[in-house]
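Student: Quick one: structure below, then a few questions.
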Amino acid sequence: MPIQVNQEQLEFHLYNDNVSYIFRVLEKSHQLEHLYYGKRIHHRESFTHLIEREIRPSTNMFEGDHTSSMEHIKQEYPSYGSTDFRYPAHAILREDGSHITNFTYDSFQIIKGKKTLTNLPATYVENEEEADTLEIELIDDVLQCRLILSYTIYQNRNVITRNAKFINEGKETYYLDQAMSMNVDLADDQFDMVHLQGAWAREGHVETKRLSKGIQSIYSNRGASSHVFNPFFALKRSNADEHQGEVYGFSLVYSGNFLAQVEVDTYNVSRVNMGISPYRFKWKLAGGESFQTPESVLVYSDQGLNGMSQTFHKLYRERLVRGFWRDKVRPILINNWEATYFDFNEEKVLDIAKTARNLGIELFVLDDGWFGKRDDDTSSLGDWFEYEEKLPNGINGLSEKVEALDMQFGLWFEPEMVCKDTKLFEEHPDWILSTPERKASHGRNQFVLDFTRGEVVDYIFDLMDKIISKSKISYIKWDMNRHITEAFSQSLPADQQGEVYHRYILGVYNLYERLIKKYPEILFESCAGGGARFDPGMLYYAPQTWTSDDTDAVERLKIQYGTSMVYPLSAIGSHVSAIPNHQVGRLASLDTRAAVAYFGTFGYELDITKLTEAEKQKVKEQVAFFKEKRSFIRDGEFYRLSSPFENNETTWMVVNEEKSEALVGYYKVLAKPNEAYNRIKLTGLEPDTLYEVNGETTYYGSELMNIGIILAGNYINRANEYWGQEHPGDYQSRLFHLKALS
């Protein structure tokens with residue numbers, strides 16, 4: 001059983017074959033002391049030998065007891081004050097202005113399987129044998145508040161999930177100023193912090209820095225998880241790399257404001273906590289009400305960063321994504337955005353669809369500009385009815401014509417936004433998030449609808465439903481192109497304005513849930529100006545995310561490499577686009593553009609009607625190649641082999657579960673003269689299996705993993721051929737397909 005409890009000494013050990021997590025109830029204060037999190041250790045009757053409690057200069061909870069300072073005790077869910085001076089996991093403000101809390105142990109229960117979270121995304125189980133959940137109930141007698149800390153450990157995954165729930169069982173109203181999803185106090189600070197940072201069009205860049213004394217944090221206060229930081233970070237030992245060493249990964253299943261931080265104290269303890277950002281957060285908790293935090297996911301790996309990533313990939317692909325599309329390969333699509341932008345009509349998009357179908361592409365997606373009177377980004381958001389001058393037969397007529405080509409049809413929406421020239425804004429000017437007597441900021445000429453209000457969500461659902469119900473829509477791209485700047489709702493009283501950010505994202509989740517429930521077979525792809533809301537919360541509703549508006553293959557090496565730290569290839573939206581690239585002007589070959597996009601959902605975003613016949617033939621071959629390989633690309637184990645952040649060359653690979661097939665992507669950004677010989681050492685193969693590489697040379701797995709693929713050619717007695725060959729130039733790529741020989 002993965003949860004063992006010493007009921008006499010109130011010690012809790014969560015473990016499976018690979019990981020252990022241990023904490024206990026303190027004898028006097030009855031708060032929770034953390035003892036250990038890491039590689040699986042033997043279970044024993046008691047772990048009191050792990051207690052560290054020497055005399056330190058401090059304040060103490062109990063007179064005459066000089067080892068009762070919470071400042072020097074590693075904890076599970078700490079508060080500020082009452083002898084702990086570090087940043088807390090929670091904070092509650094009473095009406096009299098006091099903020100001290102004292103949650104003490106009350107009871108526990110062990111539940112087979114895993115509970116769902118009300119109105120929030122979370123990982124799940126399909127049968128109760130997959131996981132066990134420990135619920136620890138604590139009570140603050142003064143506040144009459146119950147706190148439930150939930151820990152789920154998966155049986156066959158190196159995964160522990162955590163969340164917290166506050167229940168006001170009294171009559172007094174108070175306010176949650178902070179309610180993190182998890183806290184863990186690690187015993188030392190010998191870690192590098194790895195996280196993903198960026199901006200629009202350069203999301204997911206890997207940044208690594210050594211932990212130091214004090215606070216190091218990542219966060220978003222923008223109303224979405226953001227381009228700037230992703231709600232994920234890892235702590236790795238300094239000797240750990242992609243393939244070996246100890247790594248702890250932390251990920252938040254949430255799409256709104258977040259804070260993830262590590263506080264290193266003067267005794268080298270690393271306090272890790274993660275959850276909703278406390279900035280501008282204040283949740284009113286009246287008697288009988290409760291508040292549920294989002295879920296945090298903790299992953300332990302002793303197989304380096306790849307080991308951590310593969311655990312996240314498999315968990316999120318199999319037990320976060322859900323519904324009709326979870327286990328299915330995704331259709332190869334073509335999106336008209338970079339082909340036409342707003343300048344299209346039915347004839348033009350049908351020409352693109354017809355050409356795409358002849359090349360084997362399966363899904364045509366009509367992007368922005370089909371509604372209201374939208375010819376640029378200054379108008380019409382919120383008027384979700386067809387622009388008849390462009391589409392005289394409406395979305396229904398267009399979708400039927402696309403389906404008649406034996407293709408699926410997809411459509412773009414941006415449901416959370418409104419422009420001022422619309423019927424929606426004219427009738428409901430109070431439905432935007434804006435502060436009274438203040439100017440409302442705009443972004444991309446649009447304003448944010450107040451999704452804290454049920455009537456706003458209802459209105460948008462009805463408009464979308466009218467379009468979807470009468471048309472043949474198989475795919476929806478849900479975009480969100482600006483962040484919240486004036487977080488004020490005209491529907492909430494003054495003492496609940498601190499709830500706006502969280503209520504807003506709950507409204508987004510609600511709209512997603514209603515649409516999915518009514519249209520379970522529609523494939524949703526989330527987007528937020530690219531990757532500004534690429535997070536686990538979104539994957540619960542939309543199984544893939546448009547990773548970045550930057551479609552340049554070379555820039556995508558960094559973006560997709562970083563994104564793969566936590567997200568599976570099946571979630572990474574990746575397209576072949578036009579050259580010169582529309583974001584950076586780069587001229588990468590069609591081969592390289594496809595070789596990067598294969599390692600994701602794969603599709604096209606260019607005017608294929610303007611390609612030469614030779615280019616169309618190449619696209620046809622690329623589509624056929626991906627159809628043949630896409631099942632094992634989406635379900636296989638992905639390995640990062642060399643980093644674009646450290647090298648001129650990037651290498652990654654995916655191996656199927658049986659280790660009988662693999663695809664290796666090798667990319668060189670800049671060509672160099674007279675280079676040293678280079679080899680690609682692979683991983684994840686069977687050492688004694690003979691593999692055929694690109695249908696030509698054969699190697700044993702042991703050779704490929706210890707010697708590697710030799711990139712240089714053998715030109716003995718072929719000097720003239722060597723000097724006569726064409727140089728590949730910049731932005732090179734090579735694919736190596738490995739197939740096991742029986």
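Following the order of the structure tokens, first chain is A, next is B, and so on, with residues numbered from 1 inside each chain and ligands from 1 in the order they appear.
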Run DSSP on the backbone and give me the residues of region 284-336 of chain A it puts in alpha helix (DSSP H), as a PDB file with C-alpha atoms, in the first residue's frame.

Tutor:
ATOM      1  CA  GLY A 304      17.946  13.759 -14.884  1.00  0.00           C
ATOM      2  CA  LEU A 305      15.760  16.323 -16.604  1.00  0.00           C
ATOM      3  CA  ASN A 306      14.656  13.915 -19.317  1.00  0.00           C
ATOM      4  CA  GLY A 307      13.413  11.522 -16.641  1.00  0.00           C
ATOM      5  CA  MET A 308      11.420  14.323 -15.022  1.00  0.00           C
ATOM      6  CA  SER A 309      10.017  15.497 -18.359  1.00  0.00           C
ATOM      7  CA  GLN A 310       8.965  12.022 -19.451  1.00  0.00           C
ATOM      8  CA  THR A 311       7.033  11.592 -16.199  1.00  0.00           C
ATOM      9  CA  PHE A 312       5.201  14.879 -16.800  1.00  0.00           C
ATOM     10  CA  HIS A 313       4.612  13.997 -20.470  1.00  0.00           C
ATOM     11  CA  LYS A 314       3.024  10.638 -19.710  1.00  0.00           C
ATOM     12  CA  LEU A 315       0.939  11.957 -16.815  1.00  0.00           C
ATOM     13  CA  TYR A 316      -0.390  14.953 -18.721  1.00  0.00           C
ATOM     14  CA  ARG A 317      -0.973  13.002 -21.927  1.00  0.00           C
ATOM     15  CA  GLU A 318      -2.798  10.139 -20.185  1.00  0.00           C
ATOM     16  CA  ARG A 319      -4.295  11.583 -16.983  1.00  0.00           C
TER      17      ARG A 319
END

Student: Got a sec: who's within 10 Å of Lys616 (chain A), counting only C-alpha atoms, leaving out chain neighbours fewer than 4 positions off, as a PyMOL selection string?

Tutor: chain A and resi 355-356+358-359+608-612+620-622

Student: Okay, now the selection with C-alpha atoms, as a PDB file, in the first residue's frame?

Tutor:
ATOM      1  CA  THR A 355      -4.973  22.394 -52.764  1.00  0.00           C
ATOM      2  CA  ALA A 356      -4.393  21.142 -49.221  1.00  0.00           C
ATOM      3  CA  ASN A 358      -4.771  17.173 -52.874  1.00  0.00           C
ATOM      4  CA  LEU A 359      -1.609  17.093 -50.776  1.00  0.00           C
ATOM      5  CA  ILE A 608       0.106  26.542 -50.511  1.00  0.00           C
ATOM      6  CA  THR A 609      -1.606  27.625 -53.736  1.00  0.00           C
ATOM      7  CA  LYS A 610       1.522  29.712 -54.461  1.00  0.00           C
ATOM      8  CA  LEU A 611       4.002  26.844 -54.050  1.00  0.00           C
ATOM      9  CA  THR A 612       5.798  25.445 -57.063  1.00  0.00           C
ATOM     10  CA  LYS A 620       2.765  15.741 -50.096  1.00  0.00           C
ATOM     11  CA  GLU A 621       5.726  13.589 -49.085  1.00  0.00           C
ATOM     12  CA  GLN A 622       5.998  15.348 -45.719  1.00  0.00           C
TER      13      GLN A 622
END

Student: Grab the CA of Ile167 (chain A) to CA of Leu149 (chain A) distance for me, in Å with one decimal place.

Tutor: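 Going from CA of Ile167 (chain A) over to CA of Leu149 (chain A), I get 11.6 Å.
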
Student: For Arg533 (chain A), list every protein, DNA or RNA residue within 12 Å, evaluated using only C-alpha atoms, and leave out those in the same chain fewer than 4 positions away; present the list as a ChimeraX atom specification.

Tutor: /A:199-200,203-204,220,222-231,253-258,478-483,505,508,525-529,537-539,542,544-548

Student: So that I can see what lies close to Ile160 (chain A), please list as a VMD selection string the residues with an atom at most 12 Å from it, counting only C-alpha atoms and leaving out residues fewer than 6 positions away in the same chain.

Tutor: chain A and resid 2 to 3 14 to 16 18 to 22 37 to 38 114 123 to 124 131 to 134 150 to 154 182 184 248 to 251 295 to 300 311 to 312 315

Student: Restricting the calculation to only C-alpha atoms: of A:Glu486, A:Asp17, A:Asp185, A:Asp140, which residue gets closest to Gln75 (chain A)?

Tutor: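 Counting only C-alpha atoms, the residue closest to Gln75 (chain A) is A:Asp185.
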
Student: Just the residues within 12 Å of Thr592 (chain A), please, counting only C-alpha atoms, with nothing from its chain fewer than 4 positions along; format it as a PDB file with N, CA and C atoms, in the first residue's frame.

Tutor:
ATOM      1  N   ASP A 552       8.943  30.546 -37.130  1.00  0.00           N
ATOM      2  CA  ASP A 552      10.257  30.310 -37.714  1.00  0.00           C
ATOM      3  C   ASP A 552      10.863  29.041 -37.134  1.00  0.00           C
ATOM      4  N   ALA A 553      11.330  28.150 -38.005  1.00  0.00           N
ATOM      5  CA  ALA A 553      11.829  26.847 -37.557  1.00  0.00           C
ATOM      6  C   ALA A 553      13.017  26.973 -36.623  1.00  0.00           C
ATOM      7  N   VAL A 554      13.900  27.925 -36.869  1.00  0.00           N
ATOM      8  CA  VAL A 554      15.094  28.058 -36.045  1.00  0.00           C
ATOM      9  C   VAL A 554      14.721  28.574 -34.651  1.00  0.00           C
ATOM     10  N   GLU A 555      13.853  29.575 -34.581  1.00  0.00           N
ATOM     11  CA  GLU A 555      13.395  30.045 -33.277  1.00  0.00           C
ATOM     12  C   GLU A 555      12.601  28.966 -32.554  1.00  0.00           C
ATOM     13  N   ARG A 556      11.866  28.163 -33.316  1.00  0.00           N
ATOM     14  CA  ARG A 556      11.067  27.105 -32.719  1.00  0.00           C
ATOM     15  C   ARG A 556      11.932  26.029 -32.052  1.00  0.00           C
ATOM     16  N   LEU A 557      13.196  25.890 -32.440  1.00  0.00           N
ATOM     17  CA  LEU A 557      14.073  24.935 -31.763  1.00  0.00           C
ATOM     18  C   LEU A 557      14.129  25.246 -30.274  1.00  0.00           C
ATOM     19  N   HIS A 575       3.719  24.313 -36.781  1.00  0.00           N
ATOM     20  CA  HIS A 575       3.349  24.424 -38.192  1.00  0.00           C
ATOM     21  C   HIS A 575       4.545  24.749 -39.085  1.00  0.00           C
ATOM     22  N   VAL A 576       4.439  24.348 -40.330  1.00  0.00           N
ATOM     23  CA  VAL A 576       5.343  24.782 -41.400  1.00  0.00           C
ATOM     24  C   VAL A 576       4.770  26.072 -41.969  1.00  0.00           C
ATOM     25  N   SER A 577       5.576  27.125 -41.997  1.00  0.00           N
ATOM     26  CA  SER A 577       5.068  28.416 -42.473  1.00  0.00           C
ATOM     27  C   SER A 577       5.871  28.893 -43.679  1.00  0.00           C
ATOM     28  N   ILE A 579       8.254  31.351 -46.226  1.00  0.00           N
ATOM     29  CA  ILE A 579       9.509  32.101 -46.187  1.00  0.00           C
ATOM     30  C   ILE A 579       9.414  33.243 -47.197  1.00  0.00           C
ATOM     31  N   ARG A 586      13.544  34.933 -41.819  1.00  0.00           N
ATOM     32  CA  ARG A 586      14.547  33.913 -42.115  1.00  0.00           C
ATOM     33  C   ARG A 586      14.122  33.035 -43.283  1.00  0.00           C
ATOM     34  N   LEU A 587      15.118  32.522 -44.008  1.00  0.00           N
ATOM     35  CA  LEU A 587      14.876  31.670 -45.172  1.00  0.00           C
ATOM     36  C   LEU A 587      15.336  30.251 -44.865  1.00  0.00           C
ATOM     37  N   ALA A 588      14.539  29.520 -44.118  1.00  0.00           N
ATOM     38  CA  ALA A 588      14.844  28.121 -43.830  1.00  0.00           C
ATOM     39  C   ALA A 588      14.190  27.247 -44.894  1.00  0.00           C
ATOM     40  N   VAL A 596      11.382  20.361 -37.982  1.00  0.00           N
ATOM     41  CA  VAL A 596      11.104  20.896 -36.646  1.00  0.00           C
ATOM     42  C   VAL A 596       9.643  20.651 -36.276  1.00  0.00           C
ATOM     43  N   ALA A 597       8.733  20.914 -37.201  1.00  0.00           N
ATOM     44  CA  ALA A 597       7.299  20.816 -36.903  1.00  0.00           C
ATOM     45  C   ALA A 597       6.837  19.381 -36.683  1.00  0.00           C
ATOM     46  N   TYR A 598       7.561  18.384 -37.207  1.00  0.00           N
ATOM     47  CA  TYR A 598       7.181  16.991 -36.962  1.00  0.00           C
ATOM     48  C   TYR A 598       7.088  16.677 -35.468  1.00  0.00           C
ATOM     49  N   PHE A 599       7.931  17.336 -34.664  1.00  0.00           N
ATOM     50  CA  PHE A 599       7.978  17.028 -33.234  1.00  0.00           C
ATOM     51  C   PHE A 599       6.958  17.897 -32.498  1.00  0.00           C
ATOM     52  N   LYS A 618       6.856  17.992 -52.417  1.00  0.00           N
ATOM     53  CA  LYS A 618       7.575  17.808 -51.150  1.00  0.00           C
ATOM     54  C   LYS A 618       6.605  17.853 -49.980  1.00  0.00           C
ATOM     55  N   GLN A 622       5.918  15.061 -47.154  1.00  0.00           N
ATOM     56  CA  GLN A 622       5.998  15.348 -45.719  1.00  0.00           C
ATOM     57  C   GLN A 622       4.730  14.888 -45.003  1.00  0.00           C
ATOM     58  N   GLY A 665      15.870  14.040 -34.641  1.00  0.00           N
ATOM     59  CA  GLY A 665      15.981  15.313 -35.350  1.00  0.00           C
ATOM     60  C   GLY A 665      17.299  15.990 -35.016  1.00  0.00           C
ATOM     61  N   TYR A 666      18.060  16.337 -36.058  1.00  0.00           N
ATOM     62  CA  TYR A 666      19.350  17.025 -35.869  1.00  0.00           C
ATOM     63  C   TYR A 666      19.296  18.333 -36.649  1.00  0.00           C
ATOM     64  N   TYR A 667      19.682  19.449 -35.999  1.00  0.00           N
ATOM     65  CA  TYR A 667      19.550  20.767 -36.605  1.00  0.00           C
ATOM     66  C   TYR A 667      20.820  21.576 -36.342  1.00  0.00           C
ATOM     67  N   LYS A 668      21.354  22.165 -37.406  1.00  0.00           N
ATOM     68  CA  LYS A 668      22.516  23.044 -37.276  1.00  0.00           C
ATOM     69  C   LYS A 668      22.096  24.429 -37.744  1.00  0.00           C
ATOM     70  N   VAL A 669      22.257  25.430 -36.879  1.00  0.00           N
ATOM     71  CA  VAL A 669      21.774  26.767 -37.204  1.00  0.00           C
ATOM     72  C   VAL A 669      22.682  27.441 -38.230  1.00  0.00           C
ATOM     73  N   PRO A 728      25.424  22.553 -47.699  1.00  0.00           N
ATOM     74  CA  PRO A 728      24.025  22.708 -47.271  1.00  0.00           C
ATOM     75  C   PRO A 728      23.684  24.088 -46.735  1.00  0.00           C
ATOM     76  N   GLY A 729      24.655  24.889 -46.314  1.00  0.00           N
ATOM     77  CA  GLY A 729      24.392  26.253 -45.855  1.00  0.00           C
ATOM     78  C   GLY A 729      23.822  26.305 -44.448  1.00  0.00           C
ATOM     79  N   ASP A 730      23.294  27.477 -44.099  1.00  0.00           N
ATOM     80  CA  ASP A 730      22.715  27.661 -42.772  1.00  0.00           C
ATOM     81  C   ASP A 730      21.371  26.933 -42.653  1.00  0.00           C
ATOM     82  N   TYR A 731      20.942  26.755 -41.407  1.00  0.00           N
ATOM     83  CA  TYR A 731      19.625  26.210 -41.061  1.00  0.00           C
ATOM     84  C   TYR A 731      19.445  24.791 -41.620  1.00  0.00           C
ATOM     85  N   GLN A 732      20.468  23.980 -41.389  1.00  0.00           N
ATOM     86  CA  GLN A 732      20.434  22.600 -41.867  1.00  0.00           C
ATOM     87  C   GLN A 732      19.604  21.727 -40.931  1.00  0.00           C
ATOM     88  N   SER A 733      19.082  20.652 -41.452  1.00  0.00           N
ATOM     89  CA  SER A 733      18.420  19.645 -40.624  1.00  0.00           C
ATOM     90  C   SER A 733      18.617  18.270 -41.248  1.00  0.00           C
ATOM     91  N   ARG A 734      18.643  17.278 -40.398  1.00  0.00           N
ATOM     92  CA  ARG A 734      18.694  15.893 -40.854  1.00  0.00           C
ATOM     93  C   ARG A 734      17.794  15.068 -39.946  1.00  0.00           C
ATOM     94  N   LEU A 735      17.068  14.165 -40.535  1.00  0.00           N
ATOM     95  CA  LEU A 735      16.240  13.236 -39.782  1.00  0.00           C
ATOM     96  C   LEU A 735      16.811  11.835 -39.923  1.00  0.00           C
TER      97      LEU A 735
END

Student: Restricting the calculation to only C-alpha atoms, which member of A:Tyr175, A:Tyr77, A:Phe12, A:Phe451 is positioned closest to Asn273 (chain A)?

Tutor: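 For Asn273 (chain A), the nearest of the candidates is A:Tyr77.
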
Student: What is the distance between CA of Leu363 (chain A) and CA of Phe413 (chain A), in Å to one decimal?

Tutor: 16.6 Å

Student: Any chance you could list, as number ranges by chain, the residues in region 343-373 of chain A that come up strand (DSSP E or B) when DSSP is run on the backbone?

Tutor: A: 363-366, 371

Student: Could you dump the residues just selected with N, CA and C atoms as an mmCIF file, in the first residue's frame?

Tutor:
data_model
loop_
_atom_site.group_PDB
_atom_site.id
_atom_site.type_symbol
_atom_site.label_atom_id
_atom_site.label_comp_id
_atom_site.auth_asym_id
_atom_site.auth_seq_id
_atom_site.Cartn_x
_atom_site.Cartn_y
_atom_site.Cartn_z
ATOM 1 N N LEU A 363 -7.406 18.777 -42.386
ATOM 2 C CA LEU A 363 -8.249 19.740 -41.674
ATOM 3 C C LEU A 363 -7.922 21.140 -42.155
ATOM 4 N N PHE A 364 -8.941 21.887 -42.552
ATOM 5 C CA PHE A 364 -8.765 23.299 -42.907
ATOM 6 C C PHE A 364 -9.306 24.154 -41.773
ATOM 7 N N VAL A 365 -8.501 25.124 -41.329
ATOM 8 C CA VAL A 365 -8.888 26.006 -40.229
ATOM 9 C C VAL A 365 -8.989 27.443 -40.736
ATOM 10 N N LEU A 366 -10.168 28.034 -40.565
ATOM 11 C CA LEU A 366 -10.378 29.441 -40.891
ATOM 12 C C LEU A 366 -10.081 30.265 -39.647
ATOM 13 N N PHE A 371 -16.022 37.220 -38.995
ATOM 14 C CA PHE A 371 -17.210 37.625 -38.243
ATOM 15 C C PHE A 371 -17.350 39.149 -38.266
#

Student: By how many Å are CA of Ser69 (chain A) and CA of Gln216 (chain A) apart?

Tutor: 24.2 Å

Student: With a distance cut-off of 9 Å and only C-alpha atoms, select the neighbouring residues of region 512-516 of chain A, excluding the residue or stretch itself and same-chain residues fewer than 6 positions from it, and output the selection as a PyMOL selection string.

Tutor: chain A and resi 323+461+464-465+522+524+541-542

Student: Selected residues, C-alpha atoms, written as a PDB file, in the first residue's frame, please.

Tutor:
ATOM      1  CA  GLY A 323     -12.171  12.994 -23.656  1.00  0.00           C
ATOM      2  CA  PHE A 461     -21.825  30.541 -24.995  1.00  0.00           C
ATOM      3  CA  MET A 464     -20.758  30.391 -30.112  1.00  0.00           C
ATOM      4  CA  ASP A 465     -23.386  27.686 -29.851  1.00  0.00           C
ATOM      5  CA  ILE A 522     -14.611  18.909 -31.293  1.00  0.00           C
ATOM      6  CA  PHE A 524     -10.005  22.403 -29.081  1.00  0.00           C
ATOM      7  CA  TYR A 541      -9.945  21.373 -21.692  1.00  0.00           C
ATOM      8  CA  ALA A 542      -7.915  21.731 -24.897  1.00  0.00           C
TER       9      ALA A 542
END

Student: Need the shell around Phe191 (chain A): protein/DNA/RNA residues with any atom at most 9 Å away, counting only C-alpha atoms. Skip same-chain ones fewer than 5 positions apart. Format as a PDB file with all heavy atoms, in the first residue's frame?

Tutor:
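around38.pdb, freshly written:
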ATOM      1  N   LYS A 209      19.667  28.891 -12.928  1.00  0.00           N
ATOM      2  CA  LYS A 209      20.453  29.716 -12.017  1.00  0.00           C
ATOM      3  C   LYS A 209      20.609  28.983 -10.687  1.00  0.00           C
ATOM      4  O   LYS A 209      19.722  28.251 -10.249  1.00  0.00           O
ATOM      5  CB  LYS A 209      19.801  31.082 -11.801  1.00  0.00           C
ATOM      6  CG  LYS A 209      18.362  31.048 -11.321  1.00  0.00           C
ATOM      7  CD  LYS A 209      17.751  32.431 -11.326  1.00  0.00           C
ATOM      8  CE  LYS A 209      16.279  32.389 -10.922  1.00  0.00           C
ATOM      9  NZ  LYS A 209      15.631  33.705 -11.021  1.00  0.00           N
ATOM     10  N   ARG A 210      21.732  29.201 -10.061  1.00  0.00           N
ATOM     11  CA  ARG A 210      22.029  28.583  -8.783  1.00  0.00           C
ATOM     12  C   ARG A 210      21.166  29.202  -7.692  1.00  0.00           C
ATOM     13  O   ARG A 210      20.965  30.428  -7.673  1.00  0.00           O
ATOM     14  CB  ARG A 210      23.506  28.804  -8.441  1.00  0.00           C
ATOM     15  CG  ARG A 210      23.997  28.062  -7.210  1.00  0.00           C
ATOM     16  CD  ARG A 210      24.124  26.598  -7.474  1.00  0.00           C
ATOM     17  NE  ARG A 210      24.764  25.899  -6.370  1.00  0.00           N
ATOM     18  CZ  ARG A 210      24.763  24.603  -6.240  1.00  0.00           C
ATOM     19  NH1 ARG A 210      24.178  23.855  -7.163  1.00  0.00           N
ATOM     20  NH2 ARG A 210      25.375  24.008  -5.235  1.00  0.00           N
ATOM     21  N   LEU A 211      20.609  28.360  -6.807  1.00  0.00           N
ATOM     22  CA  LEU A 211      19.886  28.917  -5.666  1.00  0.00           C
ATOM     23  C   LEU A 211      20.835  29.723  -4.787  1.00  0.00           C
ATOM     24  O   LEU A 211      21.998  29.356  -4.595  1.00  0.00           O
ATOM     25  CB  LEU A 211      19.256  27.806  -4.825  1.00  0.00           C
ATOM     26  CG  LEU A 211      18.032  27.073  -5.377  1.00  0.00           C
ATOM     27  CD1 LEU A 211      17.449  26.165  -4.302  1.00  0.00           C
ATOM     28  CD2 LEU A 211      16.964  28.027  -5.889  1.00  0.00           C
ATOM     29  N   LEU A 235      14.078  21.911  -9.656  1.00  0.00           N
ATOM     30  CA  LEU A 235      15.290  22.042  -8.859  1.00  0.00           C
ATOM     31  C   LEU A 235      16.154  20.826  -9.153  1.00  0.00           C
ATOM     32  O   LEU A 235      15.730  19.688  -8.900  1.00  0.00           O
ATOM     33  CB  LEU A 235      14.964  22.120  -7.368  1.00  0.00           C
ATOM     34  CG  LEU A 235      14.168  23.337  -6.896  1.00  0.00           C
ATOM     35  CD1 LEU A 235      13.924  23.261  -5.402  1.00  0.00           C
ATOM     36  CD2 LEU A 235      14.878  24.638  -7.261  1.00  0.00           C
ATOM     37  N   LYS A 236      17.322  21.065  -9.702  1.00  0.00           N
ATOM     38  CA  LYS A 236      18.209  19.955 -10.044  1.00  0.00           C
ATOM     39  C   LYS A 236      19.531  20.096  -9.303  1.00  0.00           C
ATOM     40  O   LYS A 236      20.003  21.208  -9.046  1.00  0.00           O
ATOM     41  CB  LYS A 236      18.445  19.885 -11.553  1.00  0.00           C
ATOM     42  CG  LYS A 236      19.390  20.912 -12.122  1.00  0.00           C
ATOM     43  CD  LYS A 236      19.636  20.673 -13.598  1.00  0.00           C
ATOM     44  CE  LYS A 236      20.740  21.574 -14.153  1.00  0.00           C
ATOM     45  NZ  LYS A 236      22.073  21.209 -13.631  1.00  0.00           N
ATOM     46  N   ARG A 237      20.119  18.956  -8.956  1.00  0.00           N
ATOM     47  CA  ARG A 237      21.443  18.978  -8.370  1.00  0.00           C
ATOM     48  C   ARG A 237      22.434  19.501  -9.411  1.00  0.00           C
ATOM     49  O   ARG A 237      22.231  19.325 -10.618  1.00  0.00           O
ATOM     50  CB  ARG A 237      21.847  17.582  -7.907  1.00  0.00           C
ATOM     51  CG  ARG A 237      20.961  17.008  -6.808  1.00  0.00           C
ATOM     52  CD  ARG A 237      21.011  17.835  -5.545  1.00  0.00           C
ATOM     53  NE  ARG A 237      20.232  17.238  -4.452  1.00  0.00           N
ATOM     54  CZ  ARG A 237      20.070  17.787  -3.264  1.00  0.00           C
ATOM     55  NH1 ARG A 237      20.614  18.978  -2.999  1.00  0.00           N
ATOM     56  NH2 ARG A 237      19.351  17.194  -2.332  1.00  0.00           N
ATOM     57  N   SER A 238      23.501  20.130  -8.956  1.00  0.00           N
ATOM     58  CA  SER A 238      24.427  20.774  -9.889  1.00  0.00           C
ATOM     59  C   SER A 238      25.078  19.785 -10.835  1.00  0.00           C
ATOM     60  O   SER A 238      25.477  20.144 -11.946  1.00  0.00           O
ATOM     61  CB  SER A 238      25.496  21.554  -9.122  1.00  0.00           C
ATOM     62  OG  SER A 238      26.198  20.691  -8.244  1.00  0.00           O
ATOM     63  N   VAL A 247      16.477  15.372  -9.714  1.00  0.00           N
ATOM     64  CA  VAL A 247      15.690  16.533 -10.136  1.00  0.00           C
ATOM     65  C   VAL A 247      14.317  16.480  -9.470  1.00  0.00           C
ATOM     66  O   VAL A 247      13.687  15.419  -9.404  1.00  0.00           O
ATOM     67  CB  VAL A 247      15.505  16.568 -11.672  1.00  0.00           C
ATOM     68  CG1 VAL A 247      14.678  17.784 -12.079  1.00  0.00           C
ATOM     69  CG2 VAL A 247      16.843  16.567 -12.392  1.00  0.00           C
TER      70      VAL A 247
END

Student: Quick one: of A:Ala91, A:Ile709, A:Leu350, A:Leu523, who's nearest to Phe324 (chain A), counting only C-alpha atoms?

Tutor: A:Leu523
